[in-house]
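File shown: upload.cif (mmCIF, C-alpha atoms).
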data_protein
#
loop_
_atom_site.label_atom_id
_atom_site.label_comp_id
_atom_site.auth_asym_id
_atom_site.auth_seq_id
_atom_site.Cartn_x
_atom_site.Cartn_y
_atom_site.Cartn_z
CA MET A 1 139.31 93.97 101.67
CA ASP A 2 141.84 95.04 99.05
CA PRO A 3 144.04 97.75 100.60
CA ASN A 4 143.87 99.90 97.46
CA PHE A 5 140.06 99.76 97.55
CA GLN A 6 140.11 100.56 101.27
CA LEU A 7 142.28 103.57 100.49
CA MET A 8 139.33 105.08 98.59
CA PHE A 9 137.56 105.67 101.93
CA TYR A 10 140.25 108.24 102.66
CA LEU A 11 141.18 109.41 99.18
CA ILE A 12 137.66 110.31 98.01
CA PRO A 13 136.84 112.59 101.01
CA THR A 14 140.26 114.22 100.59
CA ILE A 15 139.62 114.93 96.90
CA VAL A 16 136.06 116.18 97.58
CA GLY A 17 137.36 118.38 100.39
CA PHE A 18 140.10 119.72 98.14
CA LEU A 19 137.63 120.53 95.35
CA LEU A 20 135.43 122.42 97.82
CA ILE A 21 138.43 124.41 98.99
CA LEU A 22 139.22 125.54 95.44
CA PRO A 23 137.42 128.64 94.01
CA PHE A 24 135.43 126.59 91.49
CA GLY A 25 134.08 124.31 94.25
CA ARG A 26 130.79 126.18 94.27
CA SER A 27 129.51 124.25 91.23
CA LEU A 28 129.84 121.03 93.26
CA VAL A 29 127.64 122.19 96.12
CA ASP A 30 124.98 124.13 94.21
CA PRO A 31 122.42 121.27 94.51
CA PHE A 32 122.89 121.15 98.30
CA THR A 33 122.79 124.83 99.21
CA GLU A 34 119.07 124.83 100.01
CA LYS A 35 119.46 122.05 102.54
CA PHE A 36 122.83 123.27 103.85
CA PRO A 37 122.77 127.08 103.64
CA SER A 38 126.30 127.41 105.03
CA LEU A 39 127.58 125.87 101.79
CA GLY A 40 126.02 128.72 99.88
CA ASN A 41 128.85 131.13 100.53
CA GLU A 42 132.56 130.92 99.88
CA ARG A 43 133.58 130.91 103.55
CA GLY A 44 131.21 128.09 104.53
CA ARG A 45 132.27 126.04 101.53
CA VAL A 46 135.99 126.35 102.28
CA PHE A 47 135.41 125.61 105.97
CA PHE A 48 133.43 122.49 105.08
CA GLY A 49 136.04 121.34 102.54
CA LEU A 50 138.84 121.93 105.03
CA ILE A 51 137.07 120.04 107.83
CA LEU A 52 136.45 117.13 105.44
CA THR A 53 140.10 117.15 104.37
CA CYS A 54 141.37 117.26 107.96
CA LEU A 55 139.03 114.42 108.99
CA ALA A 56 140.32 112.33 106.08
CA GLY A 57 143.87 113.24 107.13
CA VAL A 58 143.21 112.10 110.72
CA ALA A 59 141.66 108.85 109.49
CA VAL A 60 144.40 107.97 106.99
CA SER A 61 147.09 108.81 109.56
CA PHE A 62 145.50 106.48 112.10
CA GLN A 63 145.27 103.80 109.40
CA THR A 64 148.99 104.28 108.70
CA LEU A 65 149.76 103.95 112.42
CA TRP A 66 147.64 100.81 112.52
CA ILE A 67 149.51 99.33 109.54
CA SER A 68 152.81 100.17 111.23
CA SER A 69 151.67 98.34 114.40
CA LYS A 70 150.46 95.33 112.41
CA ILE A 71 153.76 95.06 110.54
CA SER A 72 155.69 95.24 113.82
CA GLU A 73 153.71 92.16 114.94
CA GLY A 74 155.09 90.34 111.91
CA GLY A 75 151.94 90.62 109.79
CA ASN A 76 151.40 92.36 106.48
CA PHE A 77 148.70 94.59 105.05
CA CYS A 78 149.60 95.91 101.62
CA ALA A 79 152.81 94.13 100.58
CA SER A 80 153.32 94.15 96.84
CA ASN A 81 156.05 93.69 94.26
CA SER A 82 155.01 96.86 92.45
CA ILE A 83 156.20 100.34 93.36
CA LEU A 84 152.97 100.78 95.38
CA SER A 85 153.86 98.88 98.54
CA CYS A 86 153.04 100.61 101.79
CA ASP A 87 154.28 97.61 103.83
CA ASP A 88 157.80 98.08 102.47
CA VAL A 89 157.76 101.78 103.37
CA ILE A 90 155.94 101.69 106.71
CA GLY A 91 157.71 98.47 107.74
CA ASN A 92 161.22 99.78 107.04
CA SER A 93 162.64 100.38 110.52
CA ASN A 94 165.35 102.67 109.11
CA TYR A 95 162.80 105.23 107.90
CA ASN A 96 159.42 104.60 109.52
CA THR A 97 159.92 106.83 112.56
CA ASP A 98 160.97 110.43 112.93
CA PRO A 99 164.76 110.76 113.34
CA ILE A 100 164.59 112.78 116.59
CA PHE A 101 162.04 111.14 118.91
CA GLY A 102 161.50 107.83 117.10
CA ILE A 103 157.72 108.36 116.84
CA PRO A 104 155.99 106.56 113.93
CA TRP A 105 155.12 108.97 111.11
CA GLY A 106 151.47 107.85 111.27
CA GLY A 107 151.29 108.97 114.91
CA ILE A 108 152.76 112.35 114.05
CA GLY A 109 150.26 112.71 111.19
CA ALA A 110 147.33 111.84 113.48
CA VAL A 111 148.37 114.43 116.08
CA VAL A 112 149.01 117.16 113.47
CA PHE A 113 145.73 116.57 111.61
CA CYS A 114 143.84 116.61 114.96
CA ILE A 115 145.42 120.00 115.73
CA LEU A 116 144.45 121.26 112.26
CA LEU A 117 140.94 119.88 112.71
CA TYR A 118 140.64 121.67 116.05
CA LEU A 119 141.83 124.96 114.50
CA VAL A 120 139.44 124.84 111.57
CA TYR A 121 136.49 123.37 113.46
CA SER A 122 136.58 125.94 116.25
CA SER A 123 137.08 128.75 113.70
CA SER A 124 134.09 127.58 111.69
CA LYS A 125 131.89 127.60 114.83
CA GLU A 126 132.70 131.20 115.72
CA PRO A 127 134.05 132.79 112.51
CA ASN A 128 133.91 136.36 113.78
CA ALA A 129 135.79 135.80 117.03
CA ASN A 130 138.95 137.84 117.43
CA TRP A 131 141.14 134.71 117.71
CA VAL A 132 140.08 133.23 114.36
CA PHE A 133 142.74 135.00 112.30
CA SER A 134 145.53 133.72 114.55
CA TYR A 135 144.11 130.18 114.36
CA LEU A 136 144.00 130.32 110.56
CA LYS A 137 147.53 131.72 110.48
CA LEU A 138 148.74 128.93 112.76
CA GLY A 139 147.06 126.34 110.52
CA THR A 140 148.78 127.85 107.49
CA TYR A 141 152.17 127.70 109.21
CA ILE A 142 151.71 124.11 110.39
CA THR A 143 150.66 122.87 106.95
CA PHE A 144 153.52 124.82 105.33
CA ALA A 145 155.98 123.12 107.71
CA GLY A 146 154.40 119.86 106.56
CA PHE A 147 155.90 120.43 103.10
CA PHE A 148 159.39 119.87 104.53
CA VAL A 149 158.26 116.63 106.17
CA ILE A 150 156.66 115.53 102.88
CA ALA A 151 159.92 116.28 101.04
CA LEU A 152 161.84 114.20 103.59
CA LEU A 153 159.41 111.28 103.29
CA ILE A 154 159.54 111.35 99.49
CA TYR A 155 163.34 111.32 99.76
CA TYR A 156 163.01 108.25 102.02
CA GLU A 157 160.76 106.56 99.46
CA ILE A 158 163.36 107.18 96.75
CA GLN A 159 166.14 105.88 99.04
CA MET A 160 164.16 102.72 99.85
CA GLY A 161 163.48 102.20 96.14
CA ILE A 162 167.17 102.53 95.26
CA GLU A 163 168.09 100.03 97.99
CA ILE A 164 165.99 97.35 96.29
CA GLY A 165 166.74 98.37 92.69
CA LYS A 166 163.58 100.37 91.95
CA PRO A 167 163.33 104.10 91.17
CA ILE A 168 160.97 104.63 94.12
CA ILE A 169 158.60 102.78 96.45
CA ILE A 170 155.37 104.61 97.17
CA CYS A 171 153.27 104.22 100.29
CA GLN A 172 149.84 105.09 98.90
CA TYR A 173 148.38 105.72 102.37
CA CYS A 174 151.20 108.11 103.24
CA THR A 175 150.77 109.88 99.89
CA THR A 176 147.07 110.42 100.65
CA ALA A 177 148.06 112.06 103.95
CA HIS A 178 150.59 114.23 102.06
CA PHE A 179 147.87 115.27 99.63
CA ALA A 180 145.55 116.11 102.56
CA ASN A 181 148.28 118.35 104.00
CA ILE A 182 148.68 120.21 100.68
CA ALA A 183 144.89 120.63 100.38
CA ALA A 184 144.72 121.85 104.00
CA PHE A 185 147.48 124.38 103.34
CA ILE A 186 145.51 125.84 100.43
CA GLY A 187 142.34 125.86 102.55
CA PHE A 188 143.95 127.64 105.52
CA LEU A 189 145.66 130.12 103.20
CA ARG A 190 142.40 130.94 101.42
CA LEU A 191 140.51 131.35 104.70
CA MET A 192 143.26 133.52 106.16
CA ARG A 193 143.17 135.85 103.15
CA MET A 194 139.38 135.87 103.14
CA ASN A 195 139.31 136.68 106.87
CA ASP A 196 141.42 139.73 106.17
CA SER A 197 139.02 140.98 103.47
CA ILE A 198 135.45 142.25 103.11
CA TRP A 199 134.41 138.85 101.71
CA TRP A 200 134.48 137.14 105.09
CA ASN A 201 130.92 138.07 106.01
CA LYS A 202 129.45 138.17 102.51
CA THR A 203 126.58 135.76 102.17
CA SER A 204 126.68 135.63 98.36
CA LYS A 205 128.47 132.96 96.37
CA MET B 1 114.93 124.36 134.54
CA LYS B 2 116.59 127.74 134.30
CA TYR B 3 119.12 128.36 131.53
CA THR B 4 121.68 131.10 131.90
CA TYR B 5 123.55 132.60 128.96
CA ASP B 6 127.25 132.29 129.68
CA ASP B 7 129.30 135.21 128.33
CA GLU B 8 132.50 133.36 129.14
CA ALA B 9 131.59 130.23 127.21
CA ASP B 10 133.93 129.58 124.35
CA VAL B 11 133.38 127.34 121.37
CA ARG B 12 137.06 126.45 121.48
CA THR B 13 136.55 124.28 124.57
CA THR B 14 133.77 122.29 122.92
CA ALA B 15 135.83 121.90 119.75
CA LEU B 16 138.86 120.78 121.75
CA ILE B 17 136.85 118.16 123.66
CA ARG B 18 135.36 116.78 120.45
CA VAL B 19 138.66 116.60 118.60
CA MET B 20 140.41 115.03 121.60
CA ALA B 21 137.62 112.47 121.85
CA LEU B 22 138.17 111.63 118.18
CA PHE B 23 141.91 111.28 118.78
CA PHE B 24 141.48 108.97 121.78
CA VAL B 25 138.92 106.83 119.94
CA GLY B 26 141.54 106.35 117.19
CA ILE B 27 144.21 105.44 119.73
CA MET B 28 141.86 103.01 121.49
CA ILE B 29 140.98 101.27 118.22
CA ILE B 30 144.68 100.78 117.46
CA ALA B 31 145.39 99.61 121.02
CA ALA B 32 142.50 97.13 120.89
CA THR B 33 143.30 95.65 117.50
CA THR B 34 147.10 95.48 117.47
CA SER B 35 149.98 94.45 119.73
CA PRO B 36 152.89 96.44 118.36
CA ILE B 37 156.42 95.30 119.02
CA SER B 38 159.06 97.98 118.89
CA THR B 39 162.27 97.52 116.94
CA GLY B 40 165.37 97.43 119.11
CA THR B 41 168.06 95.25 120.61
CA LYS B 42 166.55 94.54 124.01
CA GLU B 43 164.95 91.19 124.76
CA GLY B 44 161.39 91.06 123.47
CA GLU B 45 162.02 93.65 120.76
CA ARG B 46 162.18 93.03 117.02
CA ALA B 47 165.75 92.79 115.80
CA PRO B 48 166.80 95.71 113.59
CA SER B 49 168.00 95.03 110.07
CA LEU B 50 171.53 93.69 109.62
CA GLU B 51 172.78 94.24 106.13
CA GLY B 52 176.01 94.26 104.18
CA LYS B 53 178.33 91.95 102.27
CA PHE B 54 179.02 88.58 103.85
CA TYR B 55 181.69 85.97 103.28
CA ASN B 56 180.42 82.40 103.21
CA GLY B 57 183.71 80.67 102.46
CA SER B 58 183.86 81.33 98.74
CA ALA B 59 182.77 84.89 97.92
CA TRP B 60 181.40 88.16 99.29
CA THR B 61 177.69 88.46 98.61
CA ASP B 62 174.70 90.48 99.86
CA PHE B 63 173.37 89.61 103.28
CA ASN B 64 170.00 90.48 104.77
CA LEU B 65 169.06 89.16 108.22
CA GLU B 66 165.34 89.55 107.45
CA SER B 67 165.56 86.65 105.00
CA TYR B 68 165.77 84.33 108.03
CA TRP B 69 162.48 85.44 109.62
CA ASP B 70 159.29 83.44 109.57
CA SER B 71 156.29 85.56 110.61
CA GLU B 72 154.14 82.42 111.02
CA TRP B 73 156.44 80.91 113.65
CA GLU B 74 154.93 80.25 117.07
CA GLU B 75 156.62 79.56 120.36
CA GLY B 76 157.67 75.92 120.71
CA ASP B 77 157.62 75.31 116.94
CA MET B 78 160.61 73.10 116.07
CA ASN B 79 160.67 74.05 112.40
CA GLY B 80 161.78 77.64 112.77
CA GLN B 81 165.46 78.50 112.51
CA TRP B 82 167.00 80.52 115.34
CA VAL B 83 169.85 82.94 114.77
CA VAL B 84 172.83 83.90 116.90
CA VAL B 85 174.46 87.18 115.93
CA GLU B 86 177.91 87.90 117.29
CA PHE B 87 179.34 91.41 117.06
CA MET B 88 183.11 91.11 117.10
CA ASP B 89 186.39 92.65 116.03
CA THR B 90 189.22 90.44 114.79
CA ASP B 91 191.67 92.58 116.82
CA CYS B 92 189.72 92.31 120.07
CA PRO B 93 191.51 89.85 122.44
CA TYR B 94 188.21 88.70 124.01
CA CYS B 95 186.79 87.94 120.54
CA VAL B 96 189.89 85.94 119.65
CA ALA B 97 189.61 84.04 122.95
CA SER B 98 185.93 83.25 122.37
CA ALA B 99 186.41 82.12 118.75
CA GLU B 100 186.77 78.49 119.86
CA ASP B 101 183.48 78.57 121.80
CA MET B 102 181.70 80.13 118.83
CA GLY B 103 182.99 77.39 116.52
CA VAL B 104 181.97 74.65 118.97
CA ASN B 105 178.50 76.17 119.46
CA ALA B 106 177.96 76.55 115.72
CA ASN B 107 178.84 72.88 115.20
CA ASP B 108 176.77 71.67 118.15
CA PHE B 109 173.55 73.59 117.42
CA GLY B 110 173.78 74.22 113.69
CA GLY B 111 172.00 71.06 112.55
CA SER B 112 174.99 68.82 111.83
CA ASN B 113 175.21 67.40 115.33
CA PRO B 114 173.00 64.25 115.68
CA GLN B 115 172.98 64.62 119.46
CA TRP B 116 171.21 68.01 119.23
CA ASP B 117 167.48 67.37 118.83
CA GLY B 118 166.46 71.00 119.02
CA ALA B 119 165.63 73.63 116.42
CA ILE B 120 168.48 74.68 114.14
CA VAL B 121 170.51 77.65 115.33
CA ASN B 122 172.28 79.65 112.62
CA PHE B 123 175.42 81.54 113.59
CA ILE B 124 176.44 84.87 112.06
CA ALA B 125 179.39 87.10 112.91
CA SER B 126 179.24 90.81 112.20
CA VAL B 127 182.83 92.00 112.08
CA ALA B 128 183.57 95.58 113.06
CA GLU B 129 186.72 97.67 113.11
CA LEU B 130 186.64 99.44 116.46
CA ASN B 131 188.06 102.94 116.65
CA ILE B 132 190.94 101.87 118.91
CA ASP B 133 194.68 102.07 118.19
CA GLY B 134 195.96 98.82 116.72
CA HIS B 135 192.50 97.73 115.54
CA ASP B 136 193.13 97.90 111.81
CA SER B 137 191.03 95.32 110.05
CA SER B 138 190.23 94.35 106.48
CA ARG B 139 188.28 91.74 104.56
CA ALA B 140 191.52 89.76 104.12
CA GLU B 141 191.94 89.73 107.90
CA MET B 142 188.32 88.61 108.34
CA VAL B 143 188.86 85.73 105.94
CA ALA B 144 192.14 84.77 107.65
CA PHE B 145 190.37 84.82 111.05
CA ARG B 146 187.31 82.91 109.87
CA ASN B 147 189.21 80.23 107.93
CA LYS B 148 192.08 80.20 110.43
CA ILE B 149 194.68 80.66 107.69
CA ALA B 150 198.18 80.35 109.11
CA ASP B 151 200.98 82.69 107.97
CA SER B 152 198.64 84.81 105.87
CA GLY B 153 200.42 87.96 106.97
CA GLU B 154 197.24 89.12 108.73
CA THR B 155 197.47 89.96 112.43
CA CYS B 156 194.55 89.45 114.83
CA ALA B 157 195.05 90.99 118.31
CA LYS B 158 198.84 91.15 117.77
CA SER B 159 199.13 87.47 116.77
CA ASP B 160 198.90 85.56 113.52
CA CYS B 161 195.19 85.15 112.69
CA GLY B 162 195.82 81.47 112.00
CA SER B 163 196.96 80.93 115.57
CA ARG B 164 193.64 81.83 117.14
CA PRO B 165 192.05 79.12 119.32
CA GLY B 166 189.56 76.65 117.85
CA ALA B 167 188.91 75.31 114.37
CA ALA B 168 187.99 77.24 111.21
CA HIS B 169 184.45 78.65 111.26
CA ASN B 170 181.86 77.63 108.72
CA PHE B 171 179.29 80.37 109.38
CA PRO B 172 178.92 83.71 107.54
CA TYR B 173 181.05 86.72 108.40
CA ILE B 174 179.47 90.10 107.60
CA ASP B 175 181.65 93.06 106.70
CA ASP B 176 180.74 95.80 109.19
CA LEU B 177 184.09 97.58 109.08
CA ASP B 178 182.24 100.90 108.71
CA LEU B 179 180.43 100.11 112.02
CA GLU B 180 177.03 100.79 110.44
CA ASN B 181 175.36 97.67 111.85
CA MET B 182 177.08 98.02 115.20
CA LYS B 183 175.77 101.58 115.58
CA LYS B 184 172.30 100.56 114.47
CA TRP B 185 172.25 97.77 117.08
CA LYS B 186 173.76 100.14 119.69
CA VAL B 187 176.38 97.56 120.61
CA SER B 188 178.57 98.94 123.38
CA GLY B 189 181.45 96.46 123.20
CA THR B 190 182.76 93.29 121.60
CA PRO B 191 182.08 90.45 121.72
CA SER B 192 178.30 90.87 122.08
CA TYR B 193 175.83 88.09 121.38
CA TYR B 194 172.13 88.06 120.49
CA LEU B 195 169.95 84.96 120.31
CA ILE B 196 167.01 85.67 118.01
CA GLN B 197 163.79 83.68 117.61
CA PRO B 198 162.66 82.56 114.14
CA ASP B 199 160.08 85.39 114.09
CA GLY B 200 162.81 88.02 114.48
CA ILE B 201 162.25 88.77 118.18
CA ILE B 202 165.36 88.96 120.37
CA ALA B 203 165.13 86.16 122.95
CA TRP B 204 168.43 86.72 124.75
CA SER B 205 171.15 89.32 124.73
CA SER B 206 174.57 89.04 126.39
CA ALA B 207 174.28 92.69 127.43
CA GLU B 208 171.31 91.79 129.64
CA HIS B 209 172.85 88.57 131.05
CA ARG B 210 176.45 89.32 131.95
CA ASP B 211 176.79 86.15 134.01
CA GLU B 212 175.18 83.74 131.57
CA GLU B 213 176.97 81.99 128.69
CA LEU B 214 175.48 81.95 125.19
CA ARG B 215 175.57 78.15 125.20
CA ASP B 216 173.44 77.98 128.35
CA ALA B 217 170.94 80.43 126.87
CA ILE B 218 170.58 78.30 123.73
CA ILE B 219 169.97 75.16 125.78
CA VAL B 220 167.35 76.92 127.92
CA LEU B 221 165.51 78.88 125.22
CA VAL B 222 165.67 76.89 121.98
CA PRO B 223 162.93 74.21 121.87
CA ARG B 224 164.05 70.56 121.84
CA GLU B 225 162.18 67.35 121.14
CA SER B 226 163.54 65.74 124.30
CA ALA B 227 162.60 68.67 126.52
#
Rewrite the structure of this file - the entire thing - as structure tokens.
Amino acid sequence: MDPNFQLMFYLIPTIVGFLLILPFGRSLVDPFTEKFPSLGNERGRVFFGLILTCLAGVAVSFQTLWISSKISEGGNFCASNSILSCDDVIGNSNYNTDPIFGIPWGGIGAVVFCILLYLVYSSSKEPNANWVFSYLKLGTYITFAGFFVIALLIYYEIQMGIEIGKPIIICQYCTTAHFANIAAFIGFLRLMRMNDSIWWNKTSK
Amino acid sequence: MKYTYDDEADVRTTALIRVMALFFVGIMIIAATTSPISTGTKEGERAPSLEGKFYNGSAWTDFNLESYWDSEWEEGDMNGQWVVVEFMDTDCPYCVASAEDMGVNANDFGGSNPQWDGAIVNFIASVAELNIDGHDSSRAEMVAFRNKIADSGETCAKSDCGSRPGAAHNFPYIDDLDLENMKKWKVSGTPSYYLIQPDGIIAWSSAEHRDEELRDAIIVLVPRESA
């Protein structure tokens, strides 16, 4: 299967999740609110969007880790001469692991998105528990810290591009995970603010 | 059956178990479908990149070790080209002393010797400038060492570079005077040798076989028609 087509399995849920997180997401779920009543209010919608985004983030991170393992065997998955070449990025041993522990970035992404998924999933199951606010705050902090990692990885992509005479090389799978992190940050931030307001237990749209 | 409502039950435990199950399923899928090989300089690991400018006898041009690798190569395949990487310093007395052996090995296993019926072994020297007093090197010194140029004015280990043992070398010399490659390969001393399979996996390292000569390792590990 073409790797760019396969990417859609992760990109589409991330985009849908992101749209649900945004304030205008309600128009997307209107047809489903009768069958899924939790989508009928803002809190349920953002929770659902955030869970979808985190699941997509977990999946695309595992896929990235898998690609990294395949490349280390000597194989290839998405090598290309264009600027979209995840093999060149994930297979570059100078940049494909974190500089402190040497863990592949895909593995770090999988762990982080699992933590985010746990935070949002448990919060959605018991939204009025006294620990929910601290979970949402922690999720916001983790995803905010992710911005620095994203900046570092984009810097690496530019460096790798310069080394082979291109302005940048983009790993499309990694970029999808970066996008999921940004969407998750917005979702956690919205839920955290909502949790602190009278809107948290409103059942209206 | 009697059901009891548990006031202590917490949805966080259920959520944690489910998310952890998801995580371990992901790990198991990767473990079942791949056999990752880590990058490093120990035997069985994938050789790290080795880049820089190299001198091939006429000019300094870009070098990339990865251009030698053949991902389709399988053990015993005679067509793949093996690589020996030597980390050395032209001012290191042991490197000067072993220059003759390197030249002899390169001639014997490099494909020009009709008596060698094994796979071709390419030789590469990565030349560093160690941070030791008296170890001042330059590209001119590397060229004088490699080509064994007498009276060039370049000094290798306190002697004229042209007076080193052995004949002139015909294999590439990589400029690693900034020690970038040496640090990346975590080489602790010079000379250090690595014998690398055609698929980029390190088959033998002098650091792990202090009592074994490079020549013996080549004879044992590189496939031969007569073997």
I need the output of the PyMOL selection byres ((chain B) within 10 of (chain A)) for this file as a ChimeraX atom specification; which residues are they? /B:10-20,22-23,26-27,29-31,33-40,45-49,69-73,184,199-201
Exactly which residues make up the result of the PyMOL selection byres ((chain B and resi 203-208) around 10) on this file, given as a ChimeraX atom specification? /B:41-47,82-86,187-189,191-198,200-202,209-214,217-218,221-222
What's around region 142-145 of chain B at 7 Å? Count only C-alpha atoms, leave out sequence neighbours fewer than 3 positions away in its own chain, and write the answer as a compact mmCIF listing (two decimals) with C-alpha atoms, in the coordinates of the input.
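result.txt, written as the output of this step:
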# COMPACT_ATOMS: atom_id res chain seq x y z
CA THR B 90 189.22 90.44 114.79
CA SER B 138 190.23 94.35 106.48
CA ARG B 139 188.28 91.74 104.56
CA LYS B 148 192.08 80.20 110.43
CA ILE B 149 194.68 80.66 107.69
CA SER B 152 198.64 84.81 105.87
CA GLU B 154 197.24 89.12 108.73
CA CYS B 161 195.19 85.15 112.69
CA GLY B 162 195.82 81.47 112.00
Could you list the residues chosen by the PyMOL selection byres ((chain B and resi 134) around 12) in this structure as a PDB file with C-alpha atoms, in the coordinates of the input?
ATOM      1  CA  ASP B  89     186.390  92.650 116.030  1.00  0.00           C
ATOM      2  CA  THR B  90     189.220  90.440 114.790  1.00  0.00           C
ATOM      3  CA  ASP B  91     191.670  92.580 116.820  1.00  0.00           C
ATOM      4  CA  CYS B  92     189.720  92.310 120.070  1.00  0.00           C
ATOM      5  CA  PRO B  93     191.510  89.850 122.440  1.00  0.00           C
ATOM      6  CA  GLU B 129     186.720  97.670 113.110  1.00  0.00           C
ATOM      7  CA  LEU B 130     186.640  99.440 116.460  1.00  0.00           C
ATOM      8  CA  ASN B 131     188.060 102.940 116.650  1.00  0.00           C
ATOM      9  CA  ILE B 132     190.940 101.870 118.910  1.00  0.00           C
ATOM     10  CA  ASP B 133     194.680 102.070 118.190  1.00  0.00           C
ATOM     11  CA  HIS B 135     192.500  97.730 115.540  1.00  0.00           C
ATOM     12  CA  ASP B 136     193.130  97.900 111.810  1.00  0.00           C
ATOM     13  CA  SER B 137     191.030  95.320 110.050  1.00  0.00           C
ATOM     14  CA  THR B 155     197.470  89.960 112.430  1.00  0.00           C
ATOM     15  CA  CYS B 156     194.550  89.450 114.830  1.00  0.00           C
ATOM     16  CA  ALA B 157     195.050  90.990 118.310  1.00  0.00           C
ATOM     17  CA  LYS B 158     198.840  91.150 117.770  1.00  0.00           C
ATOM     18  CA  SER B 159     199.130  87.470 116.770  1.00  0.00           C
TER      19      SER B 159
END
Taking all atoms listed in the file into account, which of B:Asn181, B:Ser98, B:Ser58, B:Gln81 comes nearest Asn147 (chain B)?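 Ranking B:Asn181, B:Ser98, B:Ser58, B:Gln81 by distance to Asn147 (chain B), first place goes to B:Ser58.
CA of Glu51 (chain B) sits 5.5 Å away from CA of Phe63 (chain B).
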Please compute the CA of Asp176 (chain B)-CA of Val127 (chain B) distance, one decimal, in Å.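 Between CA of Asp176 (chain B) and CA of Val127 (chain B) the gap works out to 5.2 Å.
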Tell me, in Å to one decimal, how far CA of Phe133 (chain A) is from CA of Ser27 (chain A).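 Straight-line distance from CA of Phe133 (chain A) to CA of Ser27 (chain A) works out to 27.1 Å.
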Determine the nearest neighbour of Thr14 (chain A) from the options A:Met160, A:Ala177, A:Ile168, A:Met194, counting all atoms listed in the file.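 Of A:Met160, A:Ala177, A:Ile168, A:Met194, the one nearest Thr14 (chain A), counting all atoms listed in the file, is A:Ala177.
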Output region 73-84 of chain A with N, CA, C and O atoms present, as an mmCIF file, in the coordinates of the input.
data_model
loop_
_atom_site.group_PDB
_atom_site.id
_atom_site.type_symbol
_atom_site.label_atom_id
_atom_site.label_comp_id
_atom_site.auth_asym_id
_atom_site.auth_seq_id
_atom_site.Cartn_x
_atom_site.Cartn_y
_atom_site.Cartn_z
ATOM 1 N N GLU A 73 154.097 93.465 114.382
ATOM 2 C CA GLU A 73 153.710 92.160 114.940
ATOM 3 C C GLU A 73 154.202 91.024 114.059
ATOM 4 O O GLU A 73 154.119 89.867 114.431
ATOM 5 N N GLY A 74 154.644 91.365 112.853
ATOM 6 C CA GLY A 74 155.090 90.340 111.910
ATOM 7 C C GLY A 74 154.075 90.091 110.802
ATOM 8 O O GLY A 74 154.285 89.239 109.954
ATOM 9 N N GLY A 75 152.960 90.811 110.824
ATOM 10 C CA GLY A 75 151.940 90.620 109.790
ATOM 11 C C GLY A 75 152.201 91.497 108.576
ATOM 12 O O GLY A 75 153.241 92.156 108.485
ATOM 13 N N ASN A 76 151.283 91.453 107.628
ATOM 14 C CA ASN A 76 151.400 92.360 106.480
ATOM 15 C C ASN A 76 150.016 92.848 106.097
ATOM 16 O O ASN A 76 149.005 92.252 106.449
ATOM 17 N N PHE A 77 149.979 93.969 105.398
ATOM 18 C CA PHE A 77 148.700 94.590 105.050
ATOM 19 C C PHE A 77 148.631 94.903 103.564
ATOM 20 O O PHE A 77 147.649 94.595 102.902
ATOM 21 N N CYS A 78 149.649 95.518 103.035
ATOM 22 C CA CYS A 78 149.600 95.910 101.620
ATOM 23 C C CYS A 78 150.959 95.659 100.956
ATOM 24 O O CYS A 78 151.456 96.528 100.241
ATOM 25 N N ALA A 79 151.534 94.487 101.224
ATOM 26 C CA ALA A 79 152.810 94.130 100.580
ATOM 27 C C ALA A 79 152.563 93.871 99.107
ATOM 28 O O ALA A 79 151.543 93.309 98.722
ATOM 29 N N SER A 80 153.486 94.324 98.278
ATOM 30 C CA SER A 80 153.320 94.150 96.840
ATOM 31 C C SER A 80 154.694 94.219 96.177
ATOM 32 O O SER A 80 155.632 94.794 96.724
ATOM 33 N N ASN A 81 154.780 93.618 94.998
ATOM 34 C CA ASN A 81 156.050 93.690 94.260
ATOM 35 C C ASN A 81 156.129 94.926 93.381
ATOM 36 O O ASN A 81 157.156 95.197 92.778
ATOM 37 N N SER A 82 155.004 95.656 93.284
ATOM 38 C CA SER A 82 155.010 96.860 92.450
ATOM 39 C C SER A 82 155.607 98.023 93.248
ATOM 40 O O SER A 82 156.013 97.853 94.395
ATOM 41 N N ILE A 83 155.649 99.198 92.626
ATOM 42 C CA ILE A 83 156.200 100.340 93.360
ATOM 43 C C ILE A 83 155.223 100.844 94.432
ATOM 44 O O ILE A 83 155.615 101.573 95.324
ATOM 45 N N LEU A 84 153.942 100.424 94.337
ATOM 46 C CA LEU A 84 152.970 100.780 95.380
ATOM 47 C C LEU A 84 152.990 99.691 96.449
ATOM 48 O O LEU A 84 152.361 98.654 96.309
#
